[in-house]
file start01.csv (CSV, C-alpha atoms)
chain,number,residue,atom,x,y,z
A,1,MET,CA,-82.1,8.6,-2.3
A,2,SER,CA,-82.3,5.2,-4.0
A,3,THR,CA,-78.5,5.1,-4.4
A,4,GLY,CA,-78.0,5.5,-0.6
A,5,PHE,CA,-80.6,2.7,0.0
A,6,ARG,CA,-78.8,0.4,-2.4
A,7,ARG,CA,-75.4,1.2,-0.8
A,8,GLY,CA,-76.7,0.6,2.7
A,9,ARG,CA,-78.5,-2.6,1.6
A,10,SER,CA,-75.3,-4.0,-0.1
A,11,ARG,CA,-73.2,-3.2,3.0
A,12,GLY,CA,-75.8,-5.1,5.2
A,13,LEU,CA,-75.6,-8.1,2.9
A,14,LEU,CA,-71.8,-7.9,2.9
A,15,HIS,CA,-71.8,-7.9,6.8
A,16,LEU,CA,-74.3,-10.8,6.8
A,17,SER,CA,-72.2,-12.8,4.3
A,18,ILE,CA,-69.1,-12.3,6.5
A,19,VAL,CA,-70.9,-13.4,9.6
A,20,VAL,CA,-72.3,-16.5,7.9
A,21,ALA,CA,-68.9,-17.4,6.4
A,22,GLY,CA,-67.2,-17.0,9.8
A,23,CYS,CA,-69.8,-19.3,11.5
A,24,VAL,CA,-69.2,-21.9,8.8
A,25,LEU,CA,-65.4,-21.7,8.6
A,26,LEU,CA,-64.6,-21.1,12.3
A,27,PRO,CA,-64.9,-24.8,13.3
A,28,LEU,CA,-62.7,-25.8,10.4
A,29,GLY,CA,-60.0,-23.5,11.4
A,30,SER,CA,-59.6,-24.8,15.0
A,31,LYS,CA,-56.3,-26.6,15.4
A,32,ALA,CA,-57.4,-29.1,18.0
A,33,ALA,CA,-60.9,-30.5,17.9
A,34,ASN,CA,-63.1,-30.2,21.0
A,35,SER,CA,-60.3,-28.4,22.9
A,36,GLY,CA,-62.7,-26.6,25.2
A,37,GLU,CA,-64.7,-29.6,26.3
A,38,GLN,CA,-63.8,-31.3,29.6
A,39,ILE,CA,-64.1,-35.0,30.1
A,40,ASP,CA,-65.5,-35.9,33.6
A,41,VAL,CA,-64.8,-39.4,34.9
A,42,VAL,CA,-65.2,-41.0,38.3
A,43,VAL,CA,-62.1,-42.6,40.0
A,44,ASP,CA,-61.9,-46.3,39.3
A,45,GLN,CA,-64.4,-46.0,36.4
A,46,ALA,CA,-64.0,-45.8,32.7
A,47,LYS,CA,-65.6,-43.7,30.0
A,48,LEU,CA,-65.6,-44.1,26.2
A,49,ILE,CA,-64.8,-41.1,24.0
A,50,LYS,CA,-65.0,-41.0,20.2
A,51,LEU,CA,-61.8,-39.6,18.5
A,52,PRO,CA,-61.0,-38.7,14.9
A,53,GLU,CA,-60.0,-41.8,12.8
A,54,ARG,CA,-56.5,-40.3,12.1
A,55,VAL,CA,-55.2,-40.6,15.7
A,56,ALA,CA,-51.9,-42.4,16.0
A,57,THR,CA,-50.6,-41.3,19.4
A,58,LEU,CA,-52.1,-40.4,22.7
A,59,VAL,CA,-50.3,-38.5,25.4
A,60,VAL,CA,-51.7,-38.1,28.9
A,61,GLY,CA,-50.3,-35.3,31.2
A,62,ASN,CA,-50.4,-37.2,34.5
A,63,PRO,CA,-51.0,-41.0,34.3
A,64,LEU,CA,-51.5,-41.1,38.1
A,65,ILE,CA,-54.8,-39.2,37.6
A,66,ALA,CA,-56.1,-40.8,34.4
A,67,ASP,CA,-55.2,-43.5,31.9
A,68,VAL,CA,-56.1,-43.4,28.2
A,69,THR,CA,-56.1,-46.2,25.8
A,70,LEU,CA,-56.8,-46.0,22.0
A,71,GLN,CA,-59.1,-48.7,20.7
A,72,ALA,CA,-60.1,-49.7,17.2
A,73,GLY,CA,-62.4,-47.4,15.3
A,74,GLY,CA,-61.2,-44.2,17.0
A,75,MET,CA,-62.5,-45.1,20.4
A,76,MET,CA,-60.6,-44.0,23.5
A,77,VAL,CA,-61.0,-45.5,27.0
A,78,VAL,CA,-60.4,-43.0,29.8
A,79,THR,CA,-60.0,-44.5,33.2
A,80,GLY,CA,-60.0,-42.4,36.4
A,81,LYS,CA,-56.9,-43.4,38.5
A,82,GLY,CA,-56.7,-40.6,41.1
A,83,TYR,CA,-58.4,-37.4,42.0
A,84,GLY,CA,-57.6,-34.2,40.1
A,85,ALA,CA,-57.3,-32.8,36.6
A,86,THR,CA,-54.9,-33.6,33.8
A,87,ASN,CA,-55.1,-33.5,30.0
A,88,PHE,CA,-54.6,-35.7,27.0
A,89,ILE,CA,-53.4,-34.8,23.6
A,90,ALA,CA,-54.2,-36.9,20.4
A,91,LEU,CA,-51.7,-36.6,17.6
A,92,ASP,CA,-51.8,-37.9,14.0
A,93,ARG,CA,-48.8,-39.7,12.3
A,94,GLU,CA,-47.2,-36.3,11.4
A,95,GLY,CA,-47.4,-35.1,14.9
A,96,ALA,CA,-50.2,-32.6,14.4
A,97,VAL,CA,-52.5,-32.0,17.4
A,98,LEU,CA,-55.9,-33.3,16.6
A,99,VAL,CA,-57.4,-33.1,20.1
A,100,ASP,CA,-56.3,-31.5,23.4
A,101,ARG,CA,-58.8,-31.8,26.3
A,102,VAL,CA,-58.9,-31.7,30.0
A,103,ILE,CA,-59.8,-34.8,32.0
A,104,GLN,CA,-61.3,-34.1,35.5
A,105,VAL,CA,-61.4,-37.1,37.8
A,106,GLU,CA,-63.8,-36.9,40.8
A,107,GLY,CA,-64.6,-39.2,43.7
A,108,PRO,CA,-67.5,-41.6,43.6
A,109,THR,CA,-70.9,-40.2,44.4
A,110,ASP,CA,-72.9,-43.5,44.8
A,111,ASN,CA,-74.2,-44.6,48.2
A,112,LEU,CA,-71.0,-44.3,50.2
A,113,VAL,CA,-70.6,-44.1,53.9
A,114,THR,CA,-67.3,-42.8,55.2
A,115,ILE,CA,-66.2,-43.6,58.8
A,116,TYR,CA,-63.4,-41.7,60.5
A,117,ARG,CA,-61.6,-43.4,63.4
A,118,GLY,CA,-59.3,-40.6,64.5
A,119,VAL,CA,-57.3,-39.8,61.4
A,120,ASP,CA,-57.9,-43.1,59.7
A,121,ARG,CA,-60.7,-43.3,57.2
A,122,GLU,CA,-62.8,-46.3,56.0
A,123,THR,CA,-65.3,-46.3,53.1
A,124,TYR,CA,-68.2,-48.5,52.6
A,125,SER,CA,-70.5,-49.0,49.6
A,126,CYS,CA,-74.1,-49.2,50.9
A,127,THR,CA,-76.2,-50.5,48.0
A,128,PRO,CA,-78.4,-51.7,50.0
A,129,VAL,CA,-76.1,-53.5,52.4
A,130,CYS,CA,-72.9,-51.8,53.5
A,131,GLN,CA,-69.7,-53.6,52.4
A,132,ARG,CA,-66.0,-52.5,52.4
A,133,ARG,CA,-64.9,-50.4,49.5
A,134,VAL,CA,-61.3,-49.4,48.7
A,135,THR,CA,-61.2,-45.7,48.1
A,136,LEU,CA,-58.2,-43.4,47.6
A,137,GLY,CA,-57.6,-41.6,50.9
A,138,ASP,CA,-58.7,-44.5,53.2
A,139,GLY,CA,-56.4,-45.4,56.1
A,140,ALA,CA,-53.4,-47.6,55.2
A,141,GLY,CA,-54.3,-50.5,57.3
A,142,TYR,CA,-57.9,-50.6,56.1
A,143,PHE,CA,-56.8,-50.1,52.5
A,144,THR,CA,-54.2,-52.9,52.6
A,145,SER,CA,-56.4,-55.4,54.4
A,146,THR,CA,-59.3,-54.8,52.0
A,147,LEU,CA,-57.1,-55.2,49.0
A,148,GLU,CA,-55.5,-58.4,50.4
A,149,GLN,CA,-59.0,-59.9,51.0
A,150,ALA,CA,-60.1,-59.0,47.5
A,151,GLY,CA,-56.9,-60.4,46.0
A,152,ASN,CA,-57.2,-63.6,48.0
A,153,LEU,CA,-60.8,-64.1,46.9
A,154,SER,CA,-59.8,-63.4,43.2
A,155,ASN,CA,-56.9,-65.9,43.4
A,156,GLN,CA,-59.1,-68.6,45.0
A,157,ALA,CA,-61.7,-68.1,42.2
A,158,MET,CA,-59.0,-68.3,39.5
A,159,GLY,CA,-57.4,-71.4,41.2
A,160,ASN,CA,-60.7,-73.2,41.4
A,161,ALA,CA,-61.5,-72.3,37.8
A,162,THR,CA,-58.0,-73.5,36.7
A,163,ALA,CA,-58.4,-76.7,38.7
A,164,ALA,CA,-61.8,-77.4,37.2
A,165,ALA,CA,-60.5,-76.8,33.7
A,166,ALA,CA,-57.5,-79.0,34.3
A,167,GLY,CA,-59.7,-81.8,35.8
A,168,ALA,CA,-62.1,-81.7,32.8
A,169,ALA,CA,-59.1,-81.8,30.3
A,170,ALA,CA,-57.3,-84.7,32.1
A,171,PRO,CA,-57.5,-88.0,30.2
A,172,GLY,CA,-60.0,-90.4,31.8
A,173,ALA,CA,-61.5,-87.6,33.9
A,174,GLY,CA,-64.8,-88.0,32.3
A,175,ALA,CA,-64.8,-91.8,32.7
A,176,ALA,CA,-63.9,-91.6,36.4
A,177,ALA,CA,-66.8,-89.2,37.0
A,178,ARG,CA,-69.3,-91.7,35.5
call {"tool": "encode", "arguments": {"input": "start01.csv", "output": "structure tokens"}}
result
Amino acid sequence: MSTGFRRGRSRGLLHLSIVVAGCVLLPLGSKAANSGEQIDVVVDQAKLIKLPERVATLVVGNPLIADVTLQAGGMMVVTGKGYGATNFIALDREGAVLVDRVIQVEGPTDNLVTIYRGVDRETYSCTPVCQRRVTLGDGAGYFTSTLEQAGNLSNQAMGNATAAAAGAAAPGAGAAAR
């Protein structure tokens, strides 16, 4: 009777040892780290993701959906470009896959108001006052005019900053102002 008890006990310990070893070694055996985790990002926004230090190359499935950029220290910047899902693969110098993950790009969820004028769509960001916001899917006329206005404003700001810097650097500019 004591022999059967020992045999049963040793089998139980053997099974427990196998389970513990499997739990410890299973993460080490996976070919691509974090392959099951999805990265969620909002269109027109960026997210920082920590990657293994050995990453040498990044490949993105569809650059129209997301853009990925490797930064120093193993940091990757993921920027949502368009709606949908794609993936990215991180490779080391030998071409071994270190990471293979899905990137899901969703629309903005902040305080938006969407107005439909027939088939044309306009989007406004209302935080707290509603102002034009360029969003993928807006009508072509609204989209173009909003982008042109933002571009003109940016160019004017850059022009004023450049002119101010040139005026300050010009010889005698300081004396004339006195």
call {"tool": "closest_residue", "arguments": {"input": "start01.csv", "among": "A:Val43, A:Cys130, A:Ile65, A:Ala56", "to": "Leu91 (chain A)", "atoms": "all atoms listed in the file"}}
result
A:Ala56
call {"tool": "closest_residue", "arguments": {"input": "start01.csv", "among": "A:Ala157, A:Leu98, A:Gly80, A:Thr69", "to": "Arg54 (chain A)", "atoms": "all atoms listed in the file"}}
result
A:Leu98
call {"tool": "atom_distance", "arguments": {"input": "start01.csv", "atom1": "CA of Gly151 (chain A)", "atom2": "CA of Leu48 (chain A)"}}
result
27.1 Å
call {"tool": "residues_around", "arguments": {"input": "start01.csv", "residues": "Ser125 (chain A)", "least_positions_apart": "3", "cutoff": "7 Å", "atoms": "all atoms listed in the file", "output": "VMD selection string"}}
result
chain A and resid 111 to 113 130 to 133
call {"tool": "closest_residue", "arguments": {"input": "start01.csv", "among": "A:Thr86, A:Gln38, A:Asn155, A:Gln71", "to": "Val59 (chain A)", "atoms": "all atoms listed in the file"}}
result
A:Thr86
call {"tool": "closest_residue", "arguments": {"input": "start01.csv", "among": "A:Ile103, A:Leu147, A:Leu64, A:Val129", "to": "Phe88 (chain A)", "atoms": "only C-alpha atoms"}}
result
A:Ile103
call {"tool": "atom_distance", "arguments": {"input": "start01.csv", "atom1": "CA of Gly84 (chain A)", "atom2": "CA of Ala46 (chain A)"}}
result
15.2 Å
call {"tool": "atom_distance", "arguments": {"input": "start01.csv", "atom1": "CA of Pro108 (chain A)", "atom2": "CA of Thr135 (chain A)"}}
result
8.8 Å
call {"tool": "closest_residue", "arguments": {"input": "start01.csv", "among": "A:Ala90, A:Val77, A:Ala150, A:Val119", "to": "Val60 (chain A)", "atoms": "all atoms listed in the file"}}
result
A:Ala90
call {"tool": "residues_around", "arguments": {"input": "start01.csv", "residues": "Leu58 (chain A)", "least_positions_apart": "4", "cutoff": "12 Å", "atoms": "only C-alpha atoms", "output": "short mmCIF file (atom, residue, chain, number, x, y, z; two decimals) with C-alpha atoms, in the coordinates of the input"}}
result
data_model
loop_
_atom_site.label_atom_id
_atom_site.label_comp_id
_atom_site.auth_asym_id
_atom_site.auth_seq_id
_atom_site.Cartn_x
_atom_site.Cartn_y
_atom_site.Cartn_z
CA LEU A 51 -61.80 -39.60 18.50
CA PRO A 52 -61.00 -38.70 14.90
CA ARG A 54 -56.50 -40.30 12.10
CA PRO A 63 -51.00 -41.00 34.30
CA ASP A 67 -55.20 -43.50 31.90
CA VAL A 68 -56.10 -43.40 28.20
CA THR A 69 -56.10 -46.20 25.80
CA LEU A 70 -56.80 -46.00 22.00
CA GLN A 71 -59.10 -48.70 20.70
CA GLY A 74 -61.20 -44.20 17.00
CA MET A 75 -62.50 -45.10 20.40
CA MET A 76 -60.60 -44.00 23.50
CA VAL A 77 -61.00 -45.50 27.00
CA VAL A 78 -60.40 -43.00 29.80
CA ASN A 87 -55.10 -33.50 30.00
CA PHE A 88 -54.60 -35.70 27.00
CA ILE A 89 -53.40 -34.80 23.60
CA ALA A 90 -54.20 -36.90 20.40
CA LEU A 91 -51.70 -36.60 17.60
CA ASP A 92 -51.80 -37.90 14.00
CA ARG A 93 -48.80 -39.70 12.30
CA GLY A 95 -47.40 -35.10 14.90
CA ALA A 96 -50.20 -32.60 14.40
CA VAL A 97 -52.50 -32.00 17.40
CA LEU A 98 -55.90 -33.30 16.60
CA VAL A 99 -57.40 -33.10 20.10
CA ASP A 100 -56.30 -31.50 23.40
CA ARG A 101 -58.80 -31.80 26.30
#
call {"tool": "closest_residue", "arguments": {"input": "start01.csv", "among": "A:Thr127, A:Thr79, A:Asn160, A:Gln149", "to": "Glu106 (chain A)", "atoms": "all atoms listed in the file"}}
result
A:Thr79
